Structures are given as C-alpha cells and as structure tokens.
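Raw contents of work-v2.json, JSON, C-alpha atoms and all ligand atoms:
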```
[["chain", "number", "residue", "atom", "x", "y", "z"],
["A", 1, "MET", "CA", 109.52, 67.42, 85.93],
["A", 2, "ARG", "CA", 108.12, 70.19, 88.15],
["A", 3, "TRP", "CA", 110.46, 73.11, 88.36],
["A", 4, "TYR", "CA", 110.81, 76.68, 89.58],
["A", 5, "LEU", "CA", 112.90, 79.09, 87.54],
["A", 6, "ASP", "CA", 114.92, 82.02, 88.92],
["A", 7, "MET", "CA", 115.85, 84.18, 85.94],
["A", 8, "ASP", "CA", 117.16, 87.52, 84.70],
["A", 9, "PRO", "CA", 115.57, 87.74, 81.23],
["A", 10, "GLY", "CA", 117.73, 88.26, 79.16],
["A", 11, "ILE", "CA", 117.65, 86.70, 75.72],
["A", 12, "ASP", "CA", 119.03, 83.26, 76.54],
["A", 13, "ASP", "CA", 116.77, 83.22, 79.61],
["A", 14, "ALA", "CA", 113.88, 83.78, 77.19],
["A", 15, "VAL", "CA", 114.82, 80.73, 75.12],
["A", 16, "ALA", "CA", 115.32, 78.73, 78.33],
["A", 17, "LEU", "CA", 111.80, 79.68, 79.44],
["A", 18, "ALA", "CA", 110.30, 78.75, 76.06],
["A", 19, "VAL", "CA", 111.96, 75.34, 76.32],
["A", 20, "ALA", "CA", 111.15, 74.75, 80.01],
["A", 21, "LEU", "CA", 107.45, 75.49, 79.44],
["A", 22, "ASN", "CA", 107.35, 72.60, 76.97],
["A", 23, "ARG", "CA", 109.58, 70.21, 78.88],
["A", 24, "GLY", "CA", 108.05, 70.31, 82.31],
["A", 25, "ASP", "CA", 105.60, 71.89, 84.70],
["A", 26, "VAL", "CA", 106.91, 75.42, 85.39],
["A", 27, "ALA", "CA", 105.40, 75.94, 88.85],
["A", 28, "GLY", "CA", 106.64, 79.50, 89.18],
["A", 29, "ILE", "CA", 109.22, 82.09, 88.19],
["A", 30, "THR", "CA", 111.22, 84.47, 90.35],
["A", 31, "THR", "CA", 113.25, 87.24, 88.76],
["A", 32, "VAL", "CA", 116.50, 88.87, 89.78],
["A", 33, "ALA", "CA", 118.58, 91.84, 88.65],
["A", 34, "GLY", "CA", 121.26, 90.65, 86.26],
["A", 35, "ASN", "CA", 121.31, 91.19, 82.51],
["A", 36, "VAL", "CA", 119.27, 94.32, 83.19],
["A", 37, "ASP", "CA", 117.86, 95.88, 86.35],
["A", 38, "GLY", "CA", 115.34, 94.06, 88.52],
["A", 39, "GLU", "CA", 112.34, 96.04, 87.36],
["A", 40, "LYS", "CA", 113.09, 95.13, 83.74],
["A", 41, "THR", "CA", 113.81, 91.45, 84.36],
["A", 42, "PHE", "CA", 110.50, 91.13, 86.21],
["A", 43, "ARG", "CA", 108.61, 92.92, 83.42],
["A", 44, "ASN", "CA", 110.38, 90.78, 80.82],
["A", 45, "ALA", "CA", 109.35, 87.52, 82.44],
["A", 46, "GLY", "CA", 105.71, 88.63, 82.21],
["A", 47, "ARG", "CA", 106.10, 89.84, 78.62],
["A", 48, "LEU", "CA", 107.52, 86.44, 77.65],
["A", 49, "LEU", "CA", 104.82, 84.43, 79.43],
["A", 50, "LYS", "CA", 102.19, 86.40, 77.49],
["A", 51, "VAL", "CA", 103.94, 85.70, 74.18],
["A", 52, "PHE", "CA", 104.34, 81.99, 75.04],
["A", 53, "GLY", "CA", 100.64, 81.79, 75.87],
["A", 54, "ARG", "CA", 101.24, 81.04, 79.55],
["A", 55, "PRO", "CA", 100.07, 84.11, 81.52],
["A", 56, "GLU", "CA", 98.82, 81.82, 84.31],
["A", 57, "VAL", "CA", 102.36, 80.94, 85.43],
["A", 58, "PRO", "CA", 103.04, 82.91, 88.63],
["A", 59, "VAL", "CA", 105.97, 85.33, 88.54],
["A", 60, "VAL", "CA", 107.39, 87.24, 91.51],
["A", 61, "PRO", "CA", 110.16, 89.88, 91.52],
["A", 62, "GLY", "CA", 113.21, 89.42, 93.72],
["A", 63, "ALA", "CA", 116.49, 91.11, 94.45],
["A", 64, "ARG", "CA", 117.25, 94.35, 92.71],
["A", 65, "ARG", "CA", 120.78, 94.56, 94.07],
["A", 66, "PRO", "CA", 123.54, 92.03, 94.76],
["A", 67, "LEU", "CA", 123.90, 90.82, 98.35],
["A", 68, "PHE", "CA", 126.68, 93.21, 99.28],
["A", 69, "LEU", "CA", 128.21, 94.86, 96.19],
["A", 70, "ALA", "CA", 127.37, 98.55, 96.10],
["A", 71, "VAL", "CA", 127.37, 98.77, 92.30],
["A", 72, "PRO", "CA", 125.26, 96.39, 90.19],
["A", 73, "THR", "CA", 126.65, 94.92, 86.96],
["A", 74, "TYR", "CA", 124.32, 94.64, 83.96],
["A", 75, "ALA", "CA", 124.79, 93.16, 80.45],
["A", 76, "GLU", "CA", 122.80, 95.62, 78.33],
["A", 77, "HIS", "CA", 125.58, 95.53, 75.73],
["A", 78, "VAL", "CA", 124.54, 91.94, 75.03],
["A", 79, "HIS", "CA", 120.78, 91.88, 75.68],
["A", 80, "GLY", "CA", 119.98, 95.51, 74.85],
["A", 81, "PRO", "CA", 118.60, 98.29, 77.07],
["A", 82, "SER", "CA", 115.31, 96.45, 77.68],
["A", 83, "GLY", "CA", 116.99, 93.08, 78.16],
["A", 84, "LEU", "CA", 114.91, 91.66, 75.31],
["A", 85, "GLU", "CA", 115.96, 93.68, 72.26],
["A", 86, "GLY", "CA", 115.29, 92.32, 68.79],
["A", 87, "TYR", "CA", 111.51, 92.06, 68.78],
["A", 88, "PRO", "CA", 108.81, 94.64, 69.65],
["A", 89, "LEU", "CA", 107.16, 92.78, 72.55],
["A", 90, "ALA", "CA", 104.09, 94.18, 74.30],
["A", 91, "GLU", "CA", 105.23, 96.82, 76.77],
["A", 92, "GLU", "CA", 103.28, 95.43, 79.70],
["A", 93, "GLY", "CA", 104.36, 92.38, 81.69],
["A", 94, "LEU", "CA", 102.18, 90.64, 84.30],
["A", 95, "GLN", "CA", 101.14, 91.52, 87.83],
["A", 96, "ALA", "CA", 103.33, 89.99, 90.55],
["A", 97, "ALA", "CA", 101.72, 86.80, 91.91],
["A", 98, "SER", "CA", 102.61, 87.86, 95.47],
["A", 99, "ASP", "CA", 103.73, 90.90, 97.42],
["A", 100, "LEU", "CA", 106.29, 88.73, 99.19],
["A", 101, "PRO", "CA", 109.93, 89.04, 98.14],
["A", 102, "ALA", "CA", 110.89, 86.19, 95.79],
["A", 103, "TRP", "CA", 112.78, 84.15, 98.41],
["A", 104, "GLN", "CA", 109.88, 84.31, 100.90],
["A", 105, "TRP", "CA", 107.38, 83.44, 98.17],
["A", 106, "MET", "CA", 109.62, 80.51, 97.17],
["A", 107, "ALA", "CA", 109.52, 79.23, 100.76],
["A", 108, "GLU", "CA", 105.72, 79.52, 100.76],
["A", 109, "CYS", "CA", 105.55, 77.57, 97.49],
["A", 110, "LEU", "CA", 107.81, 74.83, 98.81],
["A", 111, "ARG", "CA", 105.70, 74.45, 101.95],
["A", 112, "ASN", "CA", 102.79, 73.64, 99.64],
["A", 113, "GLU", "CA", 104.71, 71.13, 97.51],
["A", 114, "ASP", "CA", 104.08, 67.46, 98.35],
["A", 115, "GLN", "CA", 106.95, 66.18, 96.18],
["A", 116, "PRO", "CA", 110.54, 67.45, 95.81],
["A", 117, "VAL", "CA", 110.93, 69.97, 92.99],
["A", 118, "ASP", "CA", 113.82, 71.17, 90.86],
["A", 119, "TRP", "CA", 115.04, 74.76, 90.97],
["A", 120, "VAL", "CA", 116.87, 76.22, 87.97],
["A", 121, "ALA", "CA", 118.74, 79.51, 88.41],
["A", 122, "THR", "CA", 119.85, 81.27, 85.23],
["A", 123, "GLY", "CA", 120.87, 84.64, 86.64],
["A", 124, "PRO", "CA", 122.94, 85.96, 89.54],
["A", 125, "LEU", "CA", 122.26, 83.90, 92.68],
["A", 126, "THR", "CA", 121.05, 86.69, 94.94],
["A", 127, "ASN", "CA", 117.52, 85.29, 95.41],
["A", 128, "VAL", "CA", 118.79, 81.75, 95.95],
["A", 129, "ALA", "CA", 121.32, 82.96, 98.53],
["A", 130, "ARG", "CA", 118.67, 84.94, 100.39],
["A", 131, "PHE", "CA", 116.42, 81.88, 100.41],
["A", 132, "LEU", "CA", 119.17, 79.59, 101.72],
["A", 133, "GLY", "CA", 120.14, 82.14, 104.35],
["A", 134, "ALA", "CA", 116.61, 82.18, 105.76],
["A", 135, "TYR", "CA", 115.29, 78.64, 105.13],
["A", 136, "ASP", "CA", 118.28, 76.33, 105.40],
["A", 137, "ASP", "CA", 116.55, 73.51, 107.28],
["A", 138, "ASP", "CA", 115.39, 69.96, 106.63],
["A", 139, "ARG", "CA", 111.78, 71.02, 106.10],
["A", 140, "TYR", "CA", 112.80, 72.83, 102.89],
["A", 141, "ARG", "CA", 115.72, 70.58, 101.94],
["A", 142, "ALA", "CA", 113.22, 67.71, 101.71],
["A", 143, "ARG", "CA", 111.33, 69.62, 99.04],
["A", 144, "VAL", "CA", 114.21, 70.57, 96.75],
["A", 145, "ARG", "CA", 115.65, 67.76, 94.61],
["A", 146, "THR", "CA", 118.33, 69.84, 92.86],
["A", 147, "ILE", "CA", 119.37, 73.45, 92.42],
["A", 148, "THR", "CA", 120.88, 73.70, 88.95],
["A", 149, "VAL", "CA", 122.79, 76.92, 88.43],
["A", 150, "MET", "CA", 123.88, 78.41, 85.14],
["A", 151, "GLY", "CA", 127.06, 80.15, 86.21],
["A", 152, "GLY", "CA", 130.76, 80.02, 86.77],
["A", 153, "SER", "CA", 133.49, 78.37, 84.79],
["A", 154, "LEU", "CA", 136.56, 76.24, 85.38],
["A", 155, "CYS", "CA", 137.96, 77.22, 81.99],
["A", 156, "GLY", "CA", 137.95, 81.00, 81.67],
["A", 157, "GLY", "CA", 135.38, 83.75, 81.88],
["A", 158, "ASN", "CA", 133.13, 85.90, 79.68],
["A", 159, "VAL", "CA", 133.23, 89.10, 81.76],
["A", 160, "THR", "CA", 136.87, 88.99, 82.82],
["A", 161, "ASP", "CA", 139.49, 86.46, 81.77],
["A", 162, "THR", "CA", 138.38, 84.19, 84.60],
["A", 163, "ALA", "CA", 134.86, 85.18, 85.72],
["A", 164, "GLU", "CA", 131.48, 84.31, 84.20],
["A", 165, "PHE", "CA", 128.74, 86.99, 84.29],
["A", 166, "ASN", "CA", 126.27, 85.51, 86.83],
["A", 167, "PHE", "CA", 129.00, 84.79, 89.36],
["A", 168, "TYR", "CA", 130.73, 88.12, 88.66],
["A", 169, "ALA", "CA", 127.50, 90.07, 89.16],
["A", 170, "ASP", "CA", 127.01, 88.65, 92.66],
["A", 171, "PRO", "CA", 130.11, 86.72, 93.78],
["A", 172, "ASP", "CA", 129.04, 86.68, 97.44],
["A", 173, "ALA", "CA", 125.76, 84.97, 96.57],
["A", 174, "ALA", "CA", 127.54, 82.49, 94.29],
["A", 175, "ASP", "CA", 130.08, 81.61, 96.98],
["A", 176, "PHE", "CA", 127.34, 81.19, 99.60],
["A", 177, "VAL", "CA", 125.16, 78.97, 97.38],
["A", 178, "LEU", "CA", 127.99, 76.74, 96.18],
["A", 179, "GLY", "CA", 129.27, 76.41, 99.75],
["A", 180, "SER", "CA", 125.80, 75.74, 101.21],
["A", 181, "GLY", "CA", 125.80, 71.95, 101.09],
["A", 182, "TRP", "CA", 122.46, 71.97, 99.26],
["A", 183, "PRO", "CA", 122.21, 69.69, 96.15],
["A", 184, "VAL", "CA", 123.73, 72.30, 93.84],
["A", 185, "ARG", "CA", 124.77, 71.53, 90.28],
["A", 186, "MET", "CA", 126.96, 74.02, 88.44],
["A", 187, "VAL", "CA", 126.44, 74.34, 84.69],
["A", 188, "GLY", "CA", 129.14, 76.76, 83.66],
["A", 189, "LEU", "CA", 130.84, 77.97, 80.53],
["A", 190, "ASP", "CA", 132.74, 74.68, 80.50],
["A", 191, "VAL", "CA", 129.64, 73.12, 78.95],
["A", 192, "THR", "CA", 127.43, 76.04, 77.87],
["A", 193, "MET", "CA", 129.96, 77.05, 75.22],
["A", 194, "ARG", "CA", 130.25, 73.60, 73.66],
["A", 195, "PRO", "CA", 126.92, 73.31, 71.80],
["A", 196, "GLY", "CA", 126.80, 76.47, 69.68],
["A", 197, "LEU", "CA", 123.52, 77.06, 67.84],
["A", 198, "PRO", "CA", 124.34, 77.84, 64.18],
["A", 199, "ILE", "CA", 122.87, 81.24, 63.29],
["A", 200, "SER", "CA", 121.83, 79.75, 59.96],
["A", 201, "ASP", "CA", 119.50, 77.40, 61.88],
["A", 202, "LEU", "CA", 117.39, 80.33, 63.11],
["A", 203, "THR", "CA", 115.42, 80.04, 59.87],
["A", 204, "LYS", "CA", 113.72, 76.98, 61.44],
["A", 205, "LEU", "CA", 111.88, 79.40, 63.71],
["A", 206, "GLY", "CA", 109.96, 80.66, 60.68],
["A", 207, "GLU", "CA", 107.54, 77.74, 61.07],
["A", 208, "MET", "CA", 106.74, 78.59, 64.67],
["A", 209, "GLY", "CA", 104.38, 81.51, 64.30],
["A", 210, "THR", "CA", 104.64, 84.43, 66.70],
["A", 211, "VAL", "CA", 106.81, 82.56, 69.20],
["A", 212, "GLY", "CA", 109.21, 81.70, 66.38],
["A", 213, "ALA", "CA", 109.29, 85.30, 65.18],
["A", 214, "VAL", "CA", 109.98, 86.56, 68.71],
["A", 215, "LEU", "CA", 112.77, 84.06, 69.35],
["A", 216, "ALA", "CA", 114.28, 84.71, 65.91],
["A", 217, "GLY", "CA", 114.31, 88.44, 66.59],
["A", 218, "LEU", "CA", 115.80, 88.07, 70.07],
["A", 219, "MET", "CA", 118.46, 85.57, 69.03],
["A", 220, "GLY", "CA", 119.27, 87.62, 65.93],
["A", 221, "TYR", "CA", 119.96, 90.62, 68.18],
["A", 222, "TYR", "CA", 122.01, 88.41, 70.52],
["A", 223, "ALA", "CA", 124.12, 87.19, 67.58],
["A", 224, "GLU", "CA", 124.73, 90.75, 66.35],
["A", 225, "ALA", "CA", 125.71, 91.84, 69.86],
["A", 226, "ILE", "CA", 128.29, 89.08, 70.04],
["A", 227, "VAL", "CA", 129.72, 90.18, 66.68],
["A", 228, "ARG", "CA", 129.79, 93.78, 67.95],
["A", 229, "LEU", "CA", 131.80, 92.53, 70.92],
["A", 230, "GLY", "CA", 134.36, 91.24, 68.45],
["A", 231, "GLU", "CA", 133.49, 87.62, 69.17],
["A", 232, "ALA", "CA", 132.56, 87.13, 65.53],
["A", 233, "SER", "CA", 131.00, 83.74, 65.23],
["A", 234, "ASP", "CA", 128.49, 81.90, 63.12],
["A", 235, "GLN", "CA", 126.88, 80.44, 66.24],
["A", 236, "ILE", "CA", 125.35, 81.58, 69.52],
["A", 237, "TYR", "CA", 125.65, 80.05, 72.96],
["A", 238, "LEU", "CA", 122.38, 79.43, 74.78],
["A", 239, "HIS", "CA", 123.89, 79.28, 78.26],
["A", 240, "ASP", "CA", 120.61, 79.20, 80.21],
["A", 241, "VAL", "CA", 119.04, 76.61, 77.92],
["A", 242, "VAL", "CA", 121.94, 74.26, 78.71],
["A", 243, "ALA", "CA", 121.11, 74.59, 82.43],
["A", 244, "VAL", "CA", 117.47, 73.63, 81.74],
["A", 245, "ALA", "CA", 118.66, 70.67, 79.65],
["A", 246, "ALA", "CA", 121.02, 69.57, 82.46],
["A", 247, "THR", "CA", 118.11, 69.57, 84.90],
["A", 248, "ALA", "CA", 115.86, 67.54, 82.63],
["A", 249, "HIS", "CA", 118.54, 65.16, 81.35],
["A", 250, "PRO", "CA", 121.62, 65.05, 83.62],
["A", 251, "GLU", "CA", 122.54, 61.74, 81.98],
["A", 252, "LYS", "CA", 123.48, 63.64, 78.82],
["A", 253, "PHE", "CA", 126.16, 65.49, 80.75],
["A", 254, "THR", "CA", 129.46, 64.45, 82.34],
["A", 255, "TRP", "CA", 129.78, 65.58, 85.95],
["A", 256, "LYS", "CA", 132.60, 65.80, 88.43],
["A", 257, "GLN", "CA", 132.28, 66.52, 92.15],
["A", 258, "VAL", "CA", 134.45, 69.39, 93.30],
["A", 259, "PRO", "CA", 134.63, 71.53, 96.47],
["A", 260, "LEU", "CA", 134.45, 75.09, 95.14],
["A", 261, "GLN", "CA", 135.00, 78.62, 96.33],
["A", 262, "ILE", "CA", 134.13, 81.83, 94.48],
["A", 263, "VAL", "CA", 136.49, 84.80, 94.73],
["A", 264, "ARG", "CA", 134.42, 87.62, 96.20],
["A", 265, "GLU", "CA", 136.49, 90.72, 95.41],
["A", 266, "GLY", "CA", 139.49, 92.12, 93.61],
["A", 267, "GLU", "CA", 140.74, 91.37, 90.12],
["A", 268, "LEU", "CA", 139.60, 87.75, 90.33],
["A", 269, "ARG", "CA", 136.08, 88.62, 91.55],
["A", 270, "GLY", "CA", 133.60, 85.94, 90.45],
["A", 271, "THR", "CA", 136.27, 83.36, 89.61],
["A", 272, "VAL", "CA", 135.60, 79.74, 90.55],
["A", 273, "VAL", "CA", 138.43, 78.10, 92.48],
["A", 274, "GLU", "CA", 138.70, 74.42, 93.33],
["A", 275, "VAL", "CA", 139.32, 74.19, 97.09],
["A", 276, "LEU", "CA", 142.28, 71.85, 97.41],
["A", 277, "HIS", "CA", 142.98, 72.34, 101.12],
["A", 278, "GLY", "CA", 142.10, 74.57, 104.05],
["A", 279, "GLU", "CA", 138.42, 75.44, 104.52],
["A", 280, "ARG", "CA", 136.27, 72.32, 104.14],
["A", 281, "ARG", "CA", 133.69, 72.81, 101.44],
["A", 282, "PRO", "CA", 130.85, 70.52, 100.34],
["A", 283, "LEU", "CA", 131.19, 68.83, 96.97],
["A", 284, "VAL", "CA", 129.39, 70.49, 94.06],
["A", 285, "ASP", "CA", 128.37, 68.59, 90.92],
["A", 286, "VAL", "CA", 130.07, 70.46, 88.08],
["A", 287, "ALA", "CA", 129.14, 69.71, 84.47],
["A", 288, "VAL", "CA", 132.32, 69.22, 82.44],
["A", 289, "ASP", "CA", 130.94, 67.84, 79.19],
["A", 290, "VAL", "CA", 127.68, 67.53, 77.27],
["A", 291, "ASP", "CA", 126.40, 65.55, 74.31],
["A", 292, "SER", "CA", 126.22, 68.63, 72.06],
["A", 293, "GLN", "CA", 124.46, 66.92, 69.16],
["A", 294, "TRP", "CA", 121.79, 65.63, 71.52],
["A", 295, "PHE", "CA", 121.40, 69.10, 73.05],
["A", 296, "LEU", "CA", 120.78, 70.86, 69.73],
["A", 297, "ARG", "CA", 118.25, 68.19, 68.70],
["A", 298, "TRP", "CA", 116.53, 68.48, 72.11],
["A", 299, "VAL", "CA", 116.27, 72.28, 71.83],
["A", 300, "TRP", "CA", 114.60, 72.12, 68.41],
["A", 301, "GLU", "CA", 112.28, 69.32, 69.56],
["A", 302, "SER", "CA", 111.37, 71.42, 72.60],
["A", 303, "LEU", "CA", 110.62, 74.47, 70.45],
["A", 304, "GLY", "CA", 108.73, 72.31, 67.96],
["A", 305, "ALA", "CA", 105.73, 72.42, 70.29],
["A", 306, "TYR", "CA", 105.26, 76.02, 69.13],
["A", 307, "GLN", "CA", 105.02, 74.79, 65.52],
["A", 308, "VAL", "CA", 102.04, 76.36, 63.82],
["A", 309, "LYS", "CA", 99.63, 73.55, 62.95],
["A", 310, "ARG", "CA", 98.89, 73.81, 59.21],
["B", 401, "LIG", "O1", 127.27, 84.12, 81.39],
["B", 401, "LIG", "C1", 126.03, 83.82, 80.82],
["B", 401, "LIG", "C2", 124.92, 84.14, 81.77],
["B", 401, "LIG", "O2", 124.91, 85.54, 82.05],
["B", 401, "LIG", "C3", 123.52, 83.84, 81.20],
["B", 401, "LIG", "O3", 122.67, 83.50, 82.25],
["B", 401, "LIG", "C4", 123.10, 85.14, 80.59],
["B", 401, "LIG", "O4", 121.68, 85.29, 80.57],
["B", 401, "LIG", "C5", 123.68, 86.11, 81.58],
["B", 401, "LIG", "O5", 122.78, 86.24, 82.65],
["B", 402, "CA", "CA", 120.53, 84.62, 82.50]]
```

Conversion result in structure tokens:
Amino acid sequence: MRWYLDMDPGIDDAVALAVALNRGDVAGITTVAGNVDGEKTFRNAGRLLKVFGRPEVPVVPGARRPLFLAVPTYAEHVHGPSGLEGYPLAEEGLQAASDLPAWQWMAECLRNEDQPVDWVATGPLTNVARFLGAYDDDRYRARVRTITVMGGSLCGGNVTDTAEFNFYADPDAADFVLGSGWPVRMVGLDVTMRPGLPISDLTKLGEMGTVGAVLAGLMGYYAEAIVRLGEASDQIYLHDVVAVAATAHPEKFTWKQVPLQIVREGELRGTVVEVLHGERRPLVDVAVDVDSQWFLRWVWESLGAYQVKR
C-alpha cells in the first residue's frame, strides 16, 4: 500500500498518521487549513513526523483558505489552539519538501509514480479540489487508484445538525470532489462514529514509549474537549483513522454507491444530499458500516509497532 495523505493535523489526523506509517508506504503528506490554520497544520505534520521517527517523509503545505468561502472555519475548541494540544511537542516542524503548492507538488509526484497510488484526505478537500481542477486527465487518473475522503455524513452532522466538519469547512471543494467522477470513497460519520475507542484503553499506550506518551496526551485532550462540548462519553471517535483503515481494508466495510451533492451555502451548508433526480452525478462509494471490533484490533496492532522493545 503506497499512499499520499492530505491532512489537517489535528489530533485524530495524528493518530491516522501514526497508523498509516506502520501500515503502508507513506509517499508524502500535503497539509490543508482545517482544524487549525494552514501554517499550524503544516507545522504539526512535521512535528509529528519527528516524533514518529520519520522525518524523511516529504511534507508540503497547501491551501490556507477554502476555495471560495471568505471566512475559514477552524476546530480549535476540539484540537486546541495549536491543533495538537495535550503533549508538549517540539516547537519546530520540518522544512517544506517543495516550494510548489501542494496540488502542483502532488501532480509532480504522480508523474513520477509507476504504479497507481492511494490518496487519503482527512481534512477539508481544498487541496484535492484544486488538484482535480488542474489535472483532471487520464495521465493522472491512471496513477490514482482511490481517493478516500474522511468527511460528510448521511446520518447527521457534528458541526450543524446535518453537516460534518470537513465538508462544512469547504463545501465547494467537497461538492466538486464528490461530483468529479474520480474514484472517490466517502468515509463519513455514518461509519467513523461506530467504533468508539474506550478512553480506558488509552493505558495501553503506556508500553509504547514516547510515541505512546504523545498519543495518550493528545487523545486525552481530545476526550476532555468532547466532554467540555457536553458530549460526555467514555469513548473517542478516531474519524481519520477509520478513513485510513477503509483504504487499507475496504473489505471490512459495507459500501453503497450513491450520486451525491453537497449543499454549498445557507443553513444546510456542508450537508450531503443523495441526488435522486435532475443533475446527473457520478456514483460515489459511501461507507455505511464497518466491522468495529476488527477496526479496534487493527488500530492497536498498527500502534503496536511503536512498542518499546524490552
Ligand atoms: O469531522 C471530523 C473531521 O473533522 C476529522 O477529520 C477531524 O480531524 C476534523 O478535521
Ligand atoms: Ca482531520
């Protein structure tokens, strides 16, 4: 599994990165404004790669603003002002691997790939939309096996009653990507909120040295933030990790093919709507169920690679 990650770290992005590094060949990371501003998400990706012992993985910053919305939406109330609250990480991130904008760098990377790769997007889809807008041709389509997107929901939202954060933050990008006809898979709240990670299980991270301590601190903060939001729960939802799992093991998920549209403005901004008639839309693979027990086992097995050898 060779994959590129487009992320907005973000605490669940951090866990998704830790898992992806052990479950495949992370060829590169692009970052996007989302949970926090674009400067912070880029710095955070570098801070995490240093902690995970993988500073050689190239990381390139992307969009700092949504495609068209004048006002960005952040989630600092969940991930903290830095985007990675809960553990005192090194201040410095990594140098950008290229001066190109993320979507141009992604095109350059794909031109150098000799086999199709997987692309996992765990933040707002601004970078992916800009890429598709500029490189939507067979030369690049031949090099992308799937684009798995953590975002959206057919069953209610987490920012408004109906909209999920990544699609709410840049609804225009989400609508463009899901209507693009590329091999897009949507992993939304329909499945990411099924396998909750019991907070009591975070003690397992104690055997994983510094990485374990970092992830325990980050996820502890994430859990407290959710309680502060009044969503008291004894478990946390690792939305972005579910998208990584769906890319690596789609057979553990139940999918349905649906033509989708994303509401771009107004009270329903960011809401996913099944297109029943009118504008023809390509079918999108939407995850509607997941083997939750398998997922939780898979996450701990993935993190086990950080186990400190006694
Ligand atoms: O709605 C959950 C998504 O929004 C996750 O990707 C989380 O990191 C935030 O970006
Ligand atoms: Ca994210």

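Here CA of Asp8 (chain A) is placed at a distance of 6.5 Å from atom O4 of ligand LIG 401 (chain B).
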
I'd like a table as a tab-separated table: residues in region 156-215 of chain A with an atom no more than 10 Å from region 246-259 of chain A, each row giving the shortest atom pair and its distance in Å to one decimal, only C-alpha atoms counted, sorted by chain and rising residue number.
```
residue	atom	partner	partner_atom	distance
A:Leu178	CA	A:Pro259	CA	8.4
A:Gly179	CA	A:Pro259	CA	8.0
A:Gly181	CA	A:Pro259	CA	10.0
A:Arg185	CA	A:Thr247	CA	8.8
A:Met186	CA	A:Trp255	CA	9.2
A:Val187	CA	A:Ala246	CA	7.6
A:Val191	CA	A:Phe253	CA	8.6
```

How would the residues just chosen look if you wrote them out with C-alpha atoms as an mmCIF file, keeping the file's coordinate frame?
```cif
data_model
loop_
_atom_site.group_PDB
_atom_site.id
_atom_site.type_symbol
_atom_site.label_atom_id
_atom_site.label_comp_id
_atom_site.auth_asym_id
_atom_site.auth_seq_id
_atom_site.Cartn_x
_atom_site.Cartn_y
_atom_site.Cartn_z
ATOM 1 C CA LEU A 178 127.990 76.740 96.180
ATOM 2 C CA GLY A 179 129.270 76.410 99.750
ATOM 3 C CA GLY A 181 125.800 71.950 101.090
ATOM 4 C CA ARG A 185 124.770 71.530 90.280
ATOM 5 C CA MET A 186 126.960 74.020 88.440
ATOM 6 C CA VAL A 187 126.440 74.340 84.690
ATOM 7 C CA VAL A 191 129.640 73.120 78.950
#
```

Around ligand CA 402 (chain B), out to 9 Å and counting only C-alpha atoms and all ligand atoms, which residues are there? I want them as a PDB file with C-alpha atoms, keeping the file's coordinate frame.
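Output file out_27.pdb follows:
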```pdb
ATOM      1  CA  ASP A   6     114.920  82.020  88.920  1.00  0.00           C
ATOM      2  CA  MET A   7     115.850  84.180  85.940  1.00  0.00           C
ATOM      3  CA  ASP A   8     117.160  87.520  84.700  1.00  0.00           C
ATOM      4  CA  PRO A   9     115.570  87.740  81.230  1.00  0.00           C
ATOM      5  CA  GLY A  10     117.730  88.260  79.160  1.00  0.00           C
ATOM      6  CA  ILE A  11     117.650  86.700  75.720  1.00  0.00           C
ATOM      7  CA  ASP A  12     119.030  83.260  76.540  1.00  0.00           C
ATOM      8  CA  ASP A  13     116.770  83.220  79.610  1.00  0.00           C
ATOM      9  CA  ALA A  14     113.880  83.780  77.190  1.00  0.00           C
ATOM     10  CA  ALA A  16     115.320  78.730  78.330  1.00  0.00           C
ATOM     11  CA  GLY A  34     121.260  90.650  86.260  1.00  0.00           C
ATOM     12  CA  ASN A  35     121.310  91.190  82.510  1.00  0.00           C
ATOM     13  CA  ALA A 121     118.740  79.510  88.410  1.00  0.00           C
ATOM     14  CA  THR A 122     119.850  81.270  85.230  1.00  0.00           C
ATOM     15  CA  GLY A 123     120.870  84.640  86.640  1.00  0.00           C
ATOM     16  CA  PRO A 124     122.940  85.960  89.540  1.00  0.00           C
ATOM     17  CA  MET A 150     123.880  78.410  85.140  1.00  0.00           C
ATOM     18  CA  GLY A 151     127.060  80.150  86.210  1.00  0.00           C
ATOM     19  CA  PHE A 165     128.740  86.990  84.290  1.00  0.00           C
ATOM     20  CA  ASN A 166     126.270  85.510  86.830  1.00  0.00           C
ATOM     21  CA  HIS A 239     123.890  79.280  78.260  1.00  0.00           C
ATOM     22  CA  ASP A 240     120.610  79.200  80.210  1.00  0.00           C
TER      23      ASP A 240
END
```

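Shortest separation to Leu100 (chain A) among A:Leu125, A:Ala63, A:Ile262, A:Ala70 occurs at residue A:Ala63, atoms counted being all atoms listed in the file.
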
As a PDB file with C-alpha atoms, keeping the file's coordinate frame, please: the residues near region 227-235 of chain A (cut-off 6 Å, all atoms listed in the file, same-chain neighbours under 2 positions excluded).
```
ATOM      1  CA  GLY A 196     126.800  76.470  69.680  1.00  0.00           C
ATOM      2  CA  LEU A 197     123.520  77.060  67.840  1.00  0.00           C
ATOM      3  CA  PRO A 198     124.340  77.840  64.180  1.00  0.00           C
ATOM      4  CA  ILE A 199     122.870  81.240  63.290  1.00  0.00           C
ATOM      5  CA  GLU A 224     124.730  90.750  66.350  1.00  0.00           C
ATOM      6  CA  ALA A 225     125.710  91.840  69.860  1.00  0.00           C
TER       7      ALA A 225
END
```

Give me region 129-138 of chain A from this structure - N, CA and C atoms, as a compact mmCIF listing (two decimals), in the first residue's frame.
```txt
# COMPACT_ATOMS: atom_id res chain seq x y z
N ALA A 129 -9.51 19.39 -4.41
CA ALA A 129 -10.31 20.08 -5.43
C ALA A 129 -9.40 20.88 -6.37
N ARG A 130 -8.41 21.55 -5.80
CA ARG A 130 -7.51 22.33 -6.67
C ARG A 130 -6.73 21.41 -7.59
N PHE A 131 -6.33 20.26 -7.07
CA PHE A 131 -5.63 19.28 -7.92
C PHE A 131 -6.55 18.83 -9.06
N LEU A 132 -7.77 18.40 -8.73
CA LEU A 132 -8.68 17.89 -9.75
C LEU A 132 -9.03 18.98 -10.77
N GLY A 133 -9.10 20.19 -10.32
CA GLY A 133 -9.43 21.29 -11.24
C GLY A 133 -8.33 21.53 -12.26
N ALA A 134 -7.10 21.18 -11.90
CA ALA A 134 -5.97 21.49 -12.79
C ALA A 134 -5.47 20.25 -13.55
N TYR A 135 -5.70 19.05 -12.98
CA TYR A 135 -5.05 17.85 -13.55
C TYR A 135 -6.07 16.75 -13.84
N ASP A 136 -7.28 17.11 -14.15
CA ASP A 136 -8.30 16.09 -14.40
C ASP A 136 -8.15 15.51 -15.80
N ASP A 137 -7.13 14.65 -15.97
CA ASP A 137 -6.98 13.97 -17.27
C ASP A 137 -6.45 12.56 -17.06
N ASP A 138 -6.52 11.77 -18.13
CA ASP A 138 -6.23 10.33 -18.00
C ASP A 138 -4.82 10.06 -17.48
```
